[in-house]
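> My structure is in structure.cif, and what it holds is mmCIF, C-alpha atoms:
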data_structure
#
loop_
_atom_site.group_PDB
_atom_site.id
_atom_site.type_symbol
_atom_site.label_atom_id
_atom_site.label_comp_id
_atom_site.auth_asym_id
_atom_site.auth_seq_id
_atom_site.Cartn_x
_atom_site.Cartn_y
_atom_site.Cartn_z
ATOM 1 C CA MET J 1 6.838 -27.551 27.038
ATOM 2 C CA ASP J 2 3.844 -28.784 28.922
ATOM 3 C CA ASN J 3 0.434 -28.750 27.305
ATOM 4 C CA ASN J 4 -0.847 -25.747 29.268
ATOM 5 C CA LEU J 5 2.125 -23.620 28.203
ATOM 6 C CA LYS J 6 1.580 -24.605 24.557
ATOM 7 C CA LYS J 7 -2.041 -23.500 24.784
ATOM 8 C CA LYS J 8 -0.997 -20.134 26.223
ATOM 9 C CA TRP J 9 1.476 -19.546 23.399
ATOM 10 C CA VAL J 10 -1.004 -20.582 20.725
ATOM 11 C CA HIS J 11 -3.643 -18.342 22.307
ATOM 12 C CA ARG J 12 -1.218 -15.395 22.497
ATOM 13 C CA ILE J 13 -0.025 -15.835 18.895
ATOM 14 C CA PHE J 14 -3.577 -16.228 17.622
ATOM 15 C CA LYS J 15 -4.618 -13.082 19.500
ATOM 16 C CA TYR J 16 -1.831 -10.975 17.975
ATOM 17 C CA VAL J 17 -2.413 -12.302 14.457
ATOM 18 C CA PHE J 18 -6.137 -11.618 14.819
ATOM 19 C CA VAL J 19 -5.550 -8.071 16.092
ATOM 20 C CA LEU J 20 -3.133 -7.321 13.224
ATOM 21 C CA ALA J 21 -5.572 -8.712 10.665
ATOM 22 C CA PHE J 22 -8.386 -6.664 12.192
ATOM 23 C CA ILE J 23 -6.320 -3.455 12.060
ATOM 24 C CA ALA J 24 -5.429 -4.137 8.414
ATOM 25 C CA PHE J 25 -9.112 -4.739 7.636
ATOM 26 C CA LEU J 26 -10.172 -1.516 9.346
ATOM 27 C CA THR J 27 -7.540 0.477 7.487
ATOM 28 C CA LEU J 28 -8.639 -0.843 4.102
ATOM 29 C CA TYR J 29 -12.313 -0.519 4.949
ATOM 30 C CA LEU J 30 -11.987 3.095 6.087
ATOM 31 C CA SER J 31 -9.971 4.087 3.031
ATOM 32 C CA GLN J 32 -12.690 2.570 0.841
ATOM 33 C CA ALA J 33 -15.553 4.023 2.885
ATOM 34 C CA THR J 34 -14.139 7.542 2.795
ATOM 35 C CA GLY J 35 -13.724 7.348 -0.978
ATOM 36 C CA TYR J 36 -9.989 7.994 -0.972
ATOM 37 C CA TYR J 37 -9.281 5.717 -3.962
ATOM 38 C CA GLU J 38 -12.203 7.093 -5.976
ATOM 39 C CA TYR J 39 -11.089 10.652 -5.198
ATOM 40 C CA GLU J 40 -7.566 9.934 -6.451
ATOM 41 C CA ASN J 41 -8.961 8.464 -9.684
ATOM 42 C CA HIS J 42 -11.285 11.452 -10.076
ATOM 43 C CA GLN J 43 -8.336 13.831 -9.720
ATOM 44 C CA LYS J 44 -6.433 11.960 -12.441
ATOM 45 C CA ALA J 45 -9.480 12.043 -14.757
ATOM 46 C CA THR J 46 -10.016 15.755 -14.116
ATOM 47 C CA LEU J 47 -6.433 16.546 -15.014
ATOM 48 C CA THR J 48 -6.807 14.489 -18.163
ATOM 49 C CA GLU J 49 -9.935 16.396 -19.193
ATOM 50 C CA GLU J 50 -8.166 19.713 -18.608
ATOM 51 C CA GLN J 51 -5.206 18.560 -20.695
ATOM 52 C CA ILE J 52 -7.520 17.524 -23.537
ATOM 53 C CA LYS J 53 -9.190 20.935 -23.494
ATOM 54 C CA GLN J 54 -5.788 22.650 -23.536
ATOM 55 C CA PHE J 55 -4.670 20.451 -26.445
ATOM 56 C CA GLU J 56 -7.818 21.257 -28.435
ATOM 57 C CA GLN J 57 -7.392 24.976 -27.760
ATOM 58 C CA ASP J 58 -3.759 24.860 -28.890
ATOM 59 C CA VAL J 59 -4.795 23.075 -32.111
ATOM 60 C CA ARG J 60 -7.408 25.775 -32.782
ATOM 61 C CA ASP J 61 -4.824 28.474 -32.116
ATOM 62 C CA GLY J 62 -2.365 26.800 -34.504
ATOM 63 C CA LYS J 63 0.371 26.430 -31.905
ATOM 64 C CA ASN J 64 3.291 24.048 -32.332
ATOM 65 C CA ILE J 65 2.221 20.919 -30.464
ATOM 66 C CA LYS J 66 4.482 18.559 -28.526
ATOM 67 C CA ILE J 67 3.008 15.545 -26.796
ATOM 68 C CA GLU J 68 5.290 16.119 -23.781
ATOM 69 C CA ASP J 69 3.346 19.296 -23.000
ATOM 70 C CA TYR J 70 0.104 17.360 -22.458
ATOM 71 C CA VAL J 71 1.198 14.059 -20.936
ATOM 72 C CA GLU J 72 1.504 14.058 -17.179
ATOM 73 C CA LYS J 73 4.898 12.991 -15.947
ATOM 74 C CA THR J 74 4.229 9.904 -13.849
ATOM 75 C CA HIS J 75 7.598 9.296 -12.247
ATOM 76 C CA ILE J 76 9.327 11.898 -10.163
ATOM 77 C CA ASP J 77 12.285 10.706 -8.137
ATOM 78 C CA TYR J 78 12.151 12.218 -4.673
ATOM 79 C CA SER J 79 14.772 9.930 -3.194
ATOM 80 C CA ASN J 80 17.523 11.206 -0.944
ATOM 81 C CA LYS J 81 19.767 9.670 1.706
ATOM 82 C CA ALA J 82 17.039 9.659 4.348
ATOM 83 C CA SER J 83 14.460 8.024 2.088
ATOM 84 C CA ASP J 84 17.017 5.479 0.844
ATOM 85 C CA MET J 85 17.861 4.586 4.440
ATOM 86 C CA GLY J 86 14.151 4.341 5.270
ATOM 87 C CA SER J 87 13.667 2.043 2.303
ATOM 88 C CA LYS J 88 16.498 -0.206 3.455
ATOM 89 C CA VAL J 89 15.098 -0.313 7.001
ATOM 90 C CA SER J 90 11.664 -1.108 5.603
ATOM 91 C CA ASP J 91 13.065 -3.928 3.453
ATOM 92 C CA THR J 92 14.935 -5.354 6.459
ATOM 93 C CA ILE J 93 11.836 -5.219 8.653
ATOM 94 C CA SER J 94 9.742 -6.768 5.889
ATOM 95 C CA HIS J 95 12.217 -9.613 5.484
ATOM 96 C CA SER J 96 12.349 -10.178 9.257
ATOM 97 C CA VAL J 97 8.570 -10.178 9.576
ATOM 98 C CA LYS J 98 8.284 -12.644 6.693
ATOM 99 C CA ILE J 99 10.732 -15.019 8.380
ATOM 100 C CA GLY J 100 8.954 -14.561 11.725
ATOM 101 C CA ILE J 101 5.550 -15.318 10.226
ATOM 102 C CA GLU J 102 6.906 -18.399 8.463
ATOM 103 C CA LYS J 103 8.354 -19.646 11.783
ATOM 104 C CA ILE J 104 5.139 -18.901 13.684
ATOM 105 C CA PHE J 105 2.990 -20.750 11.192
ATOM 106 C CA GLY J 106 5.512 -23.575 11.069
ATOM 107 C CA ALA J 107 5.315 -23.883 14.864
ATOM 108 C CA LEU J 108 1.521 -23.708 14.760
ATOM 109 C CA ASN J 109 1.535 -26.415 12.097
ATOM 110 C CA LYS J 110 3.688 -28.637 14.330
ATOM 111 C CA LEU J 111 1.371 -28.007 17.290
ATOM 112 C CA ILE J 112 -1.713 -28.839 15.257
ATOM 113 C CA GLU J 113 -0.218 -31.966 13.722
ATOM 114 C CA GLY J 114 1.005 -33.077 17.135
#
Render the structure in this file as structure tokens.

Amino acid sequence: MDNNLKKKWVHRIFKYVFVLAFIAFLTLYLSQATGYYEYENHQKATLTEEQIKQFEQDVRDGKNIKIEDYVEKTHIDYSNKASDMGSKVSDTISHSVKIGIEKIFGALNKLIEG
């Protein structure tokens, strides 16, 4: 490759990496700015407070108490064939992107080192 072509490729790669990084930054920034994470934590805390009140009421009423009635089930398996296939596709794409990024940065390293 001649020097001008190398510069074009480096410029193009840098541009795409920068755009992807900027999009990732905007996504994270907007989710933080809109309070999405805090809202999710607030919802969990609210449910916990309601469960505590229910537990205390059941104790006052003398009901038979089981811990399973008050602990929120954290894992529900919603998987099916479509979601399993989507997961496999996602893993394949992730692996391919990882290899691609390693090759890009390896090529950039070679260009920088000369």
> Please evaluate the PyMOL selection byres ((chain J and resi 10-21) around 12) against the displayed coordinates and give the resulting residues as a list in words.
Asn3, Asn4, Leu5, Lys6, Lys7, Lys8, Trp9, Phe22, Ile23, Ala24, Phe25, Leu26, Thr27, Leu28, Gly100, Ile101, Lys103, Ile104, Phe105, Ala107, Leu108, Asn109, Lys110, Leu111 and Ile112 of chain J
> Can you work out the spacing between atom CA of J:Arg60 and atom CA of J:Thr48 in Å, to one decimal?
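Between atom CA of J:Arg60 and atom CA of J:Thr48 the gap is 18.5 Å.
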> Quick one: distance from atom CA of J:Glu68 to atom CA of J:Asp84 in Å, one decimal?
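Pair atom CA of J:Glu68 / atom CA of J:Asp84 returns 29.3 Å.
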> Quick check, in Å to one decimal: how far apart do atom CA of J:Asn41 and atom CA of J:Gln57 lie?
24.5 Å
> Show me, as AutoDock Vina command-line options, the centre and edge lengths in Å to one decimal of the axis-aligned box that covers every listed atom of stretch 35-54 of chain J with 4 Å on each side.

--center_x -9.5 --center_y 14.2 --center_z -12.3 --size_x 16.5 --size_y 24.9 --size_z 30.6
> Show which residues sit within 10 Å of stretch 49-56 of chain J, as an MDAnalysis selection string. Count only C-alpha atoms, and ignore same-chain residues fewer than 3 positions away.
chainID J and resid 43:46 59:63 65:67 69:72
